[in-house]
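All remarks here apply to the structure that follows.
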Amino acid sequence: MPRRDDIHTIFVIGSGPIVIGQACEFDYSGTQACKALREEGYRIVLLNSNPATIMTDPETADRTYVEPMTVGTVERIIEVEQPDALLPTIGGQTALNLTIDLCEAGVLERSGVKLIGAQLDSILKAEDRQQFREAMERIGLRVPRSGYARSVEDAREIVKSTGIPAIIRPSFTLGGAGGSVAMSIDELDPLVEWALAQSPRHECLIEQSVLGWKEYELEVMRDSADNVVVVCSIENLDPMGVHTGDSITVAPAQTLTDREYQEMRDASIAIMREIGVDTGGSNVQFGVDPADGSLVVIEMNPRVSRSSALASKATGFPIAKIAAKLAVGYTLDEITNDITRETPASFEPAIDYVVTKVPRFAFEKFPGADSVLTTQMKSVGEVMAIGRTFKESLQKALRSLEIGHAGLERPDIESDADLWQNIDVPCPGRLWAMAEALRRGATTRELHERSKIDPWFLRNLAEIVRMETSLSAAAKPDREAWLRPAKQMGFSDARLAALWGMAEGEVRAMRRKGGVAPVYKRVDTCAAEFEAQTPYLYSTYEQECEARPSDRKKIMILGGGPNRIGQGIEFDYCCVHAVLALREAGYETIMVNCNPETVSTDYDTADRLYFEPLTLEDVLEIVAVEQPDGIIVQYGGQTPLKLAVPLEREGAPIIGTPPDAIDRAEDRERFDALLEKIGLERPPGDVAHSPEQAHRVADEIGYPVIVRPSYVLGGRAMQIVRDAGELSDYMRFAVRASPEHPVLIDRFLADAIEVDVDAICDGERVVVGGIMEHIEEAGVHSGDSACSLPPYSLSQEVIRKIVAATHKLALEIGVRGLMNVQYAVKGGEVYVIEVNPRASRTVPFVSKAIGEPLAKIGALVMVGRKLDDLGFRAELEPPHFSVKEAVLPFVKFPGVDTLLGPEMKSTGEVMGIDSDFGRAYAKSQIEAGNGLPTHGSVLVSMRTAEHRGAVEPIRMLAASGFEVIATRGTAAVLAEHGIEVRTVNKVHEGSPHTVDLIDAGEVDLVFGTVDADRKAVADSFAMRRAALQRGIPYCTTLAAARASAAAIVELRSGSIGVRSLQEIHARIQRGP
Amino acid sequence: MTASAPQTAAAAPRSARLALADGTIYRGTAFGAETALDGEVVFNTSMTGYQEIITDPSYAGQIVTMTYTQIGNVGVNPADEESHRPFLRGFVVKELFDEPSNYRARGSLSAYLAEHGVPGIAGLDTRALVRRIRDGGAQVAVLSTDRALQDEAELVRRARRAPELDGRDLVAAVSCEEPYSWTEGRWEGILGQPPRPRRPDRTLRLVAYDFGVKRNILRLLVEHGFEIVVVPATTSAADALALEPDAIFLSNGPGDPAAVEGVRENVRELSHRKPLFGICLGHQILGLALGGRTRKLKFGHHGGNQPGQDLATGKVAICAENHGYAVDAESLDSVGESVEVTHKNLNDGTVEGLAHRERPVFSVQYHPEASPGPHDAAYFFARFRQMAERVADGELVTGAEIARGWTPPVTEGS
């Protein structure tokens, strides 16, 4: 069937900010879909509140709305844009849930907008667990025994039939949020309460446990002619009970006979038809009893998903792109397979390699979080690796993770009991614990009995351990002969070096001498049956190399590796922009990355894609094959930056700001000298290499101090330390956190305003892209702080100082490309906190705020173009405010405090744009899920120093009709200033106290700040968790309270308008 | 064990060589039987079902390379055999896994191949081999796991002397010697699988010509209510008709269809007398019997992911294919028979299905029985059943009518 002509404008909903369970895979899918639909000539209107996406680049859609993702906003956009159809299936759970709300509110019906891809009844049938179960029973498939609970009493009744352990799954949540496993009847009540609170429908399913069964996923596509293909099968290494996002997964399925696999395939097709997904991709999850193969259906997602992104990368079959084409009427046989360019998309990819995905966790960021893996997703990122065998791909994946492992190193676990604890209970370190158990003599049978992991995976693990034993025992002269078999099994040079007590460079030299080098094979969707036209490559140790490098002028861009807190989608955005700009400028671009969720690893982003770990070894081998003219290491965050110096040492051509200049900005002593030379100030501080030295430095500069290990991103292990006792504690932890690097100790400027600046320098000219004033004061990590562009409170003089300082810094350092500077402003003085001569987290936000693609301009500067020639000559002053707000994952980590500090904890960000600061801030709060109330009551409990500061914002709220409730100290000051206030007890003062009030639903907004001493923090902890659990907005800083009060006043003055980025950018005055 | 060198460390694997007629040598480690056999090298892109592939008689005369790299994971089991023994001449894999993990496994792949005299080679760059075949076409090779026969020059010489597949009748070697009846239905399956169609109460008598028949074809015919007598390939039309069948089936099988002796005339005769259905080699033989020609494909279609389009409905079935020859569509136009092409492969346009416009006769090039592979094309069996039943009831129905106006039977539970 050809393209539909009855629709012209398509409304696409994106997935909003990055959160656990919904990451940049939806940028990849969404961008692909928008591109595909525009190729077909449709006009695309997009709503997505996440500025750090390629999807919200003004070139991706015709009209891009970076606005709150609410029914009201959609309604207004529909009025303006008059779309004919809405595509709800490429923006994850966020888009599906918003679509359901739109249907229920009657918006689509009133405006005559048709759903394409999936209809409401199909979405509900798949998403509503009761309806889904009934649908499965209708087609004769089995689901685990279960029942639907709306109360704890319901749940107690249901477990009588499901038995214990029982799985608890709230309806309509993403990433399994609120899900858990009740291992005993005692655990049931609290877990059900938690699940009910998480479900927007206040419902959850209590389900028979199939813990320990094998878990599989199929990625299925269906077109309007009812043609169905299974794009990929995925087998989870971790059996049922661990969320698939937290499981190590492998494609294709490994331990099924064809008979079993085909039954599963038939079932997935029957499910597609019964649920009624008209067109597009879905993900179906199954559990299989290893004892007799019996099959149960776990769930299906009628949309593209994290797994479909993985399946696309694993096979070369672009699910989202094809789903978009199917949604507008094409059938699979009418679409060409991009990779072969001669066969149709109506086939099932055949792969001739093994793909392994390993999740990356961030528990170190959340002290107190439970690191046991369950049905609620907790990982923040993932890596994928491709190898010809499972062993090879697994080991490549492990070193891709960048968690300090070059392979299966021995874990730091002494007792066997502790070791088995890490095997019995699923946890991030389980694989390493299992390898260690094998070394200590455990059998694969024992491991299987304890972990329920399929013996096939365990036997492969045992083979790796056996090889390790042989390698360790090999005499020095024999090592060269062991190189090839070890490399074929995926051992990294670094791991071999550790086993042999050599330096990594020596192993590399030995390999070079022996001619042991990788070859590159192509991912081609067809196991070489047809010629691949797309250079999508991975390394392996075999005979034939298919890289066929060109002799064009070429630039290699190193990506950011797995998403983690502090290094996420923003860096992938920058890498993609570098690729786009350089391609346009006529360079061949080569992308290297190992993160399957990203746009950068789409096979048609760069000219050539190497899906490889970002280690020195792996990158050097690609450099040897490709011989690039330049390598960009400054765009992918800390991951490639760490490689700059070693790569340069090996003769690789790094372009842009030279590694030595980067070092000058990062090395404490060299940087101090530099600042002195150009006459800029920084807070007093010094470097400490030992705990004793740390104490000396701190005493000298005076407490409070801010301490951190050098060379970190995302404020890893950064802390404000108020006295010598805290410093001693910190040193014990920090030295462990980063053994190779010293600790930096600086005077902490209390109550200073932090400012972030992104700028570009071509060696002669410097242009500041944007100055962002933080809303939270210094001490809150810049990644977690809201910020405003332009600054909302700084004087023109301070701004002039900041611009001047930025110019001096860039020229003195010798920046070629992007640079980020953080300043602290106190008493009209500007202090330099740090300089990063590289792409920063804020580049996409600034680019969208000012309408100039900073990362693209920076990349062109890196290859020698001048800012004058690129038309970026002077700072821009946008006539609107843009506010960036951080999105935090606390809801996924019960028991963790929500207080912000110098260690970054946010996973994503949103952007609010409007004509004044208050409205822009209000939009950002709605987008971040802190929707501000326009009436009701505000609970205030401020630290003593801020009692007075709270008066003005509270007066504004009181004047707007808010009831004011405060704890004793705060209440007294407010009353003094003539504000009517009701007093309430703090928690330790006894009931009825603040938490009782929050639990009783009597509070709509909380302003609560505390002194950073542990007792005060502990006292107010229950209040923050209670607010979080009930979804009540909570300002933990005075600055945020002020901004919120201003925003509420704006919100009350009228409804918020919407405006597209294209329109906003058109209003920005540009210089000559 | 002291580790002096990898060759001696890893339980001393035997070396093996695969020598192509063009002089290319692939070195690897041996598994299966210790012997040296020649055959035409082909590759199969299925990611599951190696046991069914190994036991498919259609691979007689061929050395099969699996493009998927992890083979042996689920071992072997009696229910997944497609014939009583493997007929292929060698098995080539990237990595053999010989400690199976599956509740159905009853033994290891290597032991199974050893028991049946088939040599295997692992550890080579199978993708390089596949690309060579893809670009250069199928070619003859020798696979040696024989310790005494590892001399590479000698192996290449043997490969060059070995017979080509083209022009060889391999059916005689794989067909049964005596007629027998077949009653086994399909694999009972697993708890929780999708419901299956009910077996019809009324049985029809079927004579199945064994050119190297796969068991799953017979199992599915049983499921469609056929009472089956399997007969040798050279059974005369008169002998077949003496069994008073309601319908005739022509099976799959190995080698060059044009070289199969003494069957064309029988098939031609039977196609005038009884409802007739052919699969794979049976389809090609039908094409030849009706006066058409067959041609050898460059490297054939072997895998479970091929797009087979039903031209009447436009629907695409993902199907299992295994053929190195195809019926030449143009040759059918020139003969007097009124035959139409009903199915084609969307990758290269190859003829995949034929139906007669005047008689109850049709055929399919690919494998509706799958095993291994997707079940999408299983509807051919239901079509055949419907055609045979309508003819048995005295209706004059043609293969082409069935192909055009067919409605699927109702599945229980849907």
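In the structure tokens, the first chain shown is A, the next is B, and so on; residue numbers restart at 1 for each chain, and ligands run from 1 in the order shown.
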
Considering only C-alpha atoms, return as a PDB file with N, CA and C atoms, in the first residue's frame whatever protein or nucleic-acid residues lie within 8 Å of Arg668 (chain A), sequence-local ones (same chain, fewer than 5 positions apart) excluded.
```pdb
ATOM      1  N   ASP A 686      44.289  24.180  47.327  1.00  0.00           N
ATOM      2  CA  ASP A 686      45.539  23.491  47.038  1.00  0.00           C
ATOM      3  C   ASP A 686      45.271  22.012  46.762  1.00  0.00           C
ATOM      4  N   VAL A 687      46.372  21.339  46.418  1.00  0.00           N
ATOM      5  CA  VAL A 687      46.289  19.916  46.105  1.00  0.00           C
ATOM      6  C   VAL A 687      46.821  19.135  47.290  1.00  0.00           C
ATOM      7  N   LEU A 744      41.659  17.610  45.375  1.00  0.00           N
ATOM      8  CA  LEU A 744      41.689  19.065  45.316  1.00  0.00           C
ATOM      9  C   LEU A 744      40.869  19.620  46.477  1.00  0.00           C
TER      10      LEU A 744
END
```

_Can you work out which residues from chain B touch chain A at a cut-off of 6 Å (counting only C-alpha atoms) and hand them back as an MDAnalysis selection string?_
chainID B and resid 3 6 48:49 67:69 74 101 103 125 128 190:194 305:307 316 347 372 374 413:414

With N, CA and C atoms kept, could you save the residues just selected as a CSV table (one decimal), in the first residue's frame?
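Writing the result to result-v4.csv gives the following:
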```csv
chain,number,residue,atom,x,y,z
B,3,ALA,N,51.0,-25.4,30.8
B,3,ALA,CA,50.6,-24.7,29.6
B,3,ALA,C,51.9,-24.3,28.8
B,6,PRO,N,49.3,-23.1,23.2
B,6,PRO,CA,47.8,-23.3,23.1
B,6,PRO,C,47.4,-24.6,22.5
B,48,THR,N,18.8,-20.9,14.4
B,48,THR,CA,18.4,-22.1,15.2
B,48,THR,C,18.2,-23.3,14.3
B,49,GLY,N,18.2,-24.5,14.8
B,49,GLY,CA,17.8,-25.6,14.1
B,49,GLY,C,18.9,-26.4,13.3
B,67,THR,N,26.2,-19.9,9.1
B,67,THR,CA,26.7,-18.5,9.3
B,67,THR,C,26.6,-18.1,10.8
B,68,TYR,N,25.6,-18.6,11.5
B,68,TYR,CA,25.6,-18.3,12.9
B,68,TYR,C,26.8,-18.9,13.6
B,69,THR,N,27.3,-18.3,14.6
B,69,THR,CA,28.6,-18.7,15.1
B,69,THR,C,28.6,-19.6,16.3
B,74,VAL,N,22.4,-26.4,22.1
B,74,VAL,CA,21.3,-27.2,22.6
B,74,VAL,C,21.4,-28.7,22.3
B,101,SER,N,23.0,-27.3,26.6
B,101,SER,CA,22.1,-26.9,27.6
B,101,SER,C,20.7,-26.7,27.1
B,103,TYR,N,16.6,-28.7,28.0
B,103,TYR,CA,16.0,-29.8,28.6
B,103,TYR,C,15.7,-30.9,27.7
B,125,ASP,N,37.4,-18.7,9.9
B,125,ASP,CA,36.7,-17.5,9.6
B,125,ASP,C,35.5,-17.8,8.7
B,128,ALA,N,34.4,-15.2,6.2
B,128,ALA,CA,35.2,-15.1,5.0
B,128,ALA,C,34.8,-16.1,4.0
B,190,ILE,N,5.1,-27.6,23.7
B,190,ILE,CA,5.3,-27.1,25.1
B,190,ILE,C,4.1,-26.5,25.6
B,191,LEU,N,4.0,-26.6,26.9
B,191,LEU,CA,2.9,-26.0,27.6
B,191,LEU,C,2.9,-24.4,27.4
B,192,GLY,N,1.8,-23.9,26.9
B,192,GLY,CA,1.8,-22.4,26.7
B,192,GLY,C,2.0,-22.0,25.3
B,193,GLN,N,2.2,-23.0,24.4
B,193,GLN,CA,2.3,-22.5,23.0
B,193,GLN,C,1.0,-22.2,22.4
B,194,PRO,N,1.0,-21.5,21.3
B,194,PRO,CA,-0.3,-21.1,20.7
B,194,PRO,C,-1.1,-22.3,20.3
B,305,ASN,N,15.0,-17.0,6.8
B,305,ASN,CA,14.5,-15.6,6.9
B,305,ASN,C,14.2,-15.1,5.5
B,306,GLN,N,13.8,-16.0,4.6
B,306,GLN,CA,13.6,-15.5,3.2
B,306,GLN,C,12.1,-15.0,3.0
B,307,PRO,N,12.0,-13.9,2.3
B,307,PRO,CA,10.6,-13.3,2.1
B,307,PRO,C,10.0,-14.0,0.9
B,316,VAL,N,3.5,-11.5,2.6
B,316,VAL,CA,4.8,-12.0,2.6
B,316,VAL,C,4.9,-13.0,3.8
B,347,ASN,N,13.7,-11.2,-2.5
B,347,ASN,CA,15.1,-10.8,-2.6
B,347,ASN,C,15.6,-10.7,-4.0
B,372,PRO,N,14.1,-26.5,10.2
B,372,PRO,CA,13.9,-25.4,11.0
B,372,PRO,C,13.4,-24.2,10.2
B,374,PRO,N,10.5,-20.5,10.3
B,374,PRO,CA,9.2,-20.0,10.7
B,374,PRO,C,8.1,-20.8,10.1
B,413,GLY,N,-9.4,-21.5,19.4
B,413,GLY,CA,-9.0,-20.4,20.4
B,413,GLY,C,-8.9,-19.0,19.8
B,414,SER,N,-8.9,-18.9,18.5
B,414,SER,CA,-8.8,-17.5,18.0
B,414,SER,C,-10.1,-17.0,17.4
```

*Within region 544-658 of chain A, find each residue whose DSSP state, derived from the backbone, is alpha helix (DSSP H), and express the selection as number ranges by chain.*
A: 569-584, 616-626, 638-641, 644-649

File dump, residues just selected, N, CA and C atoms, as a compact mmCIF listing (two decimals), in the first residue's frame:
```txt
# COMPACT_ATOMS: atom_id res chain seq x y z
N ILE A 569 23.32 12.01 27.55
CA ILE A 569 22.89 12.29 26.19
C ILE A 569 23.49 13.59 25.65
N GLU A 570 23.81 14.56 26.53
CA GLU A 570 24.33 15.85 26.06
C GLU A 570 25.60 15.64 25.25
N PHE A 571 26.41 14.68 25.68
CA PHE A 571 27.68 14.47 25.00
C PHE A 571 27.47 13.73 23.69
N ASP A 572 26.48 12.86 23.67
CA ASP A 572 26.18 12.21 22.40
C ASP A 572 25.65 13.23 21.40
N TYR A 573 24.84 14.15 21.92
CA TYR A 573 24.33 15.24 21.09
C TYR A 573 25.50 15.98 20.45
N CYS A 574 26.52 16.31 21.24
CA CYS A 574 27.66 17.05 20.72
C CYS A 574 28.40 16.24 19.65
N CYS A 575 28.59 14.94 19.93
CA CYS A 575 29.29 14.09 18.95
C CYS A 575 28.52 14.05 17.64
N VAL A 576 27.21 13.92 17.73
CA VAL A 576 26.40 13.86 16.51
C VAL A 576 26.52 15.16 15.74
N HIS A 577 26.54 16.28 16.47
CA HIS A 577 26.68 17.56 15.79
C HIS A 577 28.03 17.68 15.10
N ALA A 578 29.08 17.18 15.74
CA ALA A 578 30.40 17.20 15.10
C ALA A 578 30.33 16.43 13.78
N VAL A 579 29.70 15.25 13.84
CA VAL A 579 29.58 14.42 12.63
C VAL A 579 28.82 15.18 11.54
N LEU A 580 27.68 15.76 11.92
CA LEU A 580 26.84 16.42 10.91
C LEU A 580 27.58 17.59 10.27
N ALA A 581 28.26 18.39 11.11
CA ALA A 581 28.95 19.57 10.59
C ALA A 581 30.09 19.16 9.67
N LEU A 582 30.84 18.15 10.08
CA LEU A 582 32.01 17.77 9.30
C LEU A 582 31.62 17.05 8.02
N ARG A 583 30.53 16.29 8.08
CA ARG A 583 30.04 15.65 6.85
C ARG A 583 29.67 16.71 5.85
N GLU A 584 28.96 17.73 6.36
CA GLU A 584 28.53 18.79 5.48
C GLU A 584 29.72 19.54 4.89
N LEU A 616 41.93 2.64 25.07
CA LEU A 616 43.10 3.00 24.27
C LEU A 616 43.37 1.91 23.22
N GLU A 617 43.34 0.66 23.68
CA GLU A 617 43.62 -0.45 22.77
C GLU A 617 42.68 -0.45 21.56
N ASP A 618 41.38 -0.40 21.85
CA ASP A 618 40.41 -0.53 20.78
C ASP A 618 40.46 0.66 19.83
N VAL A 619 40.67 1.85 20.38
CA VAL A 619 40.72 3.04 19.53
C VAL A 619 41.99 3.03 18.67
N LEU A 620 43.12 2.65 19.28
CA LEU A 620 44.38 2.63 18.51
C LEU A 620 44.29 1.68 17.31
N GLU A 621 43.61 0.56 17.50
CA GLU A 621 43.49 -0.40 16.40
C GLU A 621 42.67 0.19 15.24
N ILE A 622 41.63 0.95 15.60
CA ILE A 622 40.82 1.57 14.54
C ILE A 622 41.64 2.66 13.83
N VAL A 623 42.41 3.41 14.64
CA VAL A 623 43.27 4.44 14.05
C VAL A 623 44.24 3.79 13.06
N ALA A 624 44.76 2.63 13.44
CA ALA A 624 45.73 1.95 12.56
C ALA A 624 45.09 1.58 11.23
N VAL A 625 43.83 1.17 11.26
CA VAL A 625 43.15 0.76 10.03
C VAL A 625 42.70 1.97 9.22
N GLU A 626 42.15 2.97 9.91
CA GLU A 626 41.53 4.09 9.19
C GLU A 626 42.51 5.20 8.84
N GLN A 638 34.18 12.81 29.55
CA GLN A 638 35.44 12.37 30.16
C GLN A 638 36.01 11.11 29.47
N THR A 639 35.13 10.27 28.92
CA THR A 639 35.57 9.00 28.34
C THR A 639 36.66 9.19 27.29
N PRO A 640 36.40 9.93 26.22
CA PRO A 640 37.46 10.10 25.22
C PRO A 640 38.55 11.06 25.69
N LEU A 641 38.18 11.99 26.56
CA LEU A 641 39.17 12.96 27.03
C LEU A 641 40.32 12.26 27.75
N ALA A 644 43.04 11.25 25.51
CA ALA A 644 43.73 12.24 24.69
C ALA A 644 45.25 12.10 24.77
N VAL A 645 45.77 12.13 25.99
CA VAL A 645 47.22 12.10 26.15
C VAL A 645 47.81 10.77 25.67
N PRO A 646 47.29 9.63 26.13
CA PRO A 646 47.85 8.37 25.62
C PRO A 646 47.73 8.22 24.09
N LEU A 647 46.64 8.69 23.52
CA LEU A 647 46.52 8.58 22.06
C LEU A 647 47.58 9.43 21.37
N GLU A 648 47.74 10.63 21.87
CA GLU A 648 48.73 11.51 21.26
C GLU A 648 50.13 10.92 21.37
N ARG A 649 50.38 10.32 22.53
CA ARG A 649 51.68 9.69 22.75
C ARG A 649 51.94 8.59 21.71
```

_I need the residues of region 832-1006 of chain A that end up classed as strand (DSSP E) by DSSP on the backbone, written out as an MDAnalysis selection string._
chainID A and resid 832:836 881:887 908:914 937:941 963:967 982:984 1005:1006

Selected residues written out, C-alpha atoms, as a JSON list (two decimals), in the first residue's frame:
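Generated output (part28.json):
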```json
[["chain", "number", "residue", "atom", "x", "y", "z"],
["A", 832, "VAL", "CA", 36.97, 31.04, 38.46],
["A", 833, "ILE", "CA", 35.93, 27.65, 39.79],
["A", 834, "GLU", "CA", 37.02, 25.50, 36.87],
["A", 835, "VAL", "CA", 37.67, 25.54, 33.16],
["A", 836, "ASN", "CA", 36.96, 22.65, 30.84],
["A", 881, "PHE", "CA", 14.42, 33.45, 29.14],
["A", 882, "SER", "CA", 15.45, 29.80, 28.97],
["A", 883, "VAL", "CA", 15.51, 27.78, 32.16],
["A", 884, "LYS", "CA", 17.13, 24.39, 32.44],
["A", 885, "GLU", "CA", 15.97, 22.16, 35.27],
["A", 886, "ALA", "CA", 17.46, 18.85, 36.38],
["A", 887, "VAL", "CA", 15.42, 15.66, 36.67],
["A", 908, "GLY", "CA", 18.26, 14.28, 32.73],
["A", 909, "GLU", "CA", 17.09, 17.78, 32.11],
["A", 910, "VAL", "CA", 14.22, 19.82, 30.75],
["A", 911, "MET", "CA", 13.99, 23.32, 29.30],
["A", 912, "GLY", "CA", 11.37, 25.97, 29.83],
["A", 913, "ILE", "CA", 11.33, 28.94, 27.47],
["A", 914, "ASP", "CA", 9.18, 32.03, 27.85],
["A", 937, "SER", "CA", -0.99, 25.47, 51.27],
["A", 938, "VAL", "CA", 2.75, 25.86, 51.57],
["A", 939, "LEU", "CA", 4.78, 24.20, 54.31],
["A", 940, "VAL", "CA", 7.93, 26.15, 55.23],
["A", 941, "SER", "CA", 10.86, 25.00, 57.33],
["A", 963, "GLU", "CA", -2.25, 29.04, 53.50],
["A", 964, "VAL", "CA", 1.16, 29.21, 55.22],
["A", 965, "ILE", "CA", 2.24, 26.44, 57.58],
["A", 966, "ALA", "CA", 5.69, 26.60, 59.20],
["A", 967, "THR", "CA", 7.85, 24.98, 61.82],
["A", 982, "ARG", "CA", -0.01, 28.13, 61.33],
["A", 983, "THR", "CA", 2.69, 26.41, 63.37],
["A", 984, "VAL", "CA", 3.48, 22.70, 63.09],
["A", 1005, "LEU", "CA", 4.17, 22.77, 48.29],
["A", 1006, "VAL", "CA", 7.18, 22.51, 50.59]]
```

_Applying 12 Å and only C-alpha atoms, which residues near Arg359 (chain B) remain after dropping the ones on its own chain fewer than 5 positions away? List them as a PyMOL selection string._
chain B and resi 268+270-277+290+337-340+354+387-388+391+395-402

*Near Ala1040 (chain A), counting only C-alpha atoms, which residues have an atom at most 9 Å away, once you skip same-chain residues fewer than 5 positions from it, shown as a count of residues only?*
6

*Within 6 Å of Phe748 (chain A), counting only C-alpha atoms, which residues show up once you throw out same-chain ones fewer than 3 positions away? Write them as a PyMOL selection string, please.*
chain A and resi 704-706

*Provide the CA of Glu99 (chain B) to CA of Leu461 (chain A) distance in Å, to one decimal place.*
13.0 Å

*Can you pull out every residue within 7 Å of region 398-410 of chain A, counting only C-alpha atoms, but drop anything in the same chain fewer than 4 positions away, and send it as a ChimeraX atom specification?*
/A:360,383,394,432,435-436,491-492,494-495,562,594,613-614

*Hey, what's within 12 Å of Ala238 (chain B) if we count only C-alpha atoms and toss same-chain stuff fewer than 3 positions away? As a list in words, please?*
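Everything that qualifies: Val207, Thr234, Thr235, Leu241, Ala242, Leu243, Glu244, Pro245, Glu265, Asn266, Val267, Glu269, Leu270 and Arg273 of chain B.
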
*Length of the CA of Lys365 (chain A) to CA of Ser1020 (chain A) vector [Å]*: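 Separation between CA of Lys365 (chain A) and CA of Ser1020 (chain A): 20.1 Å.
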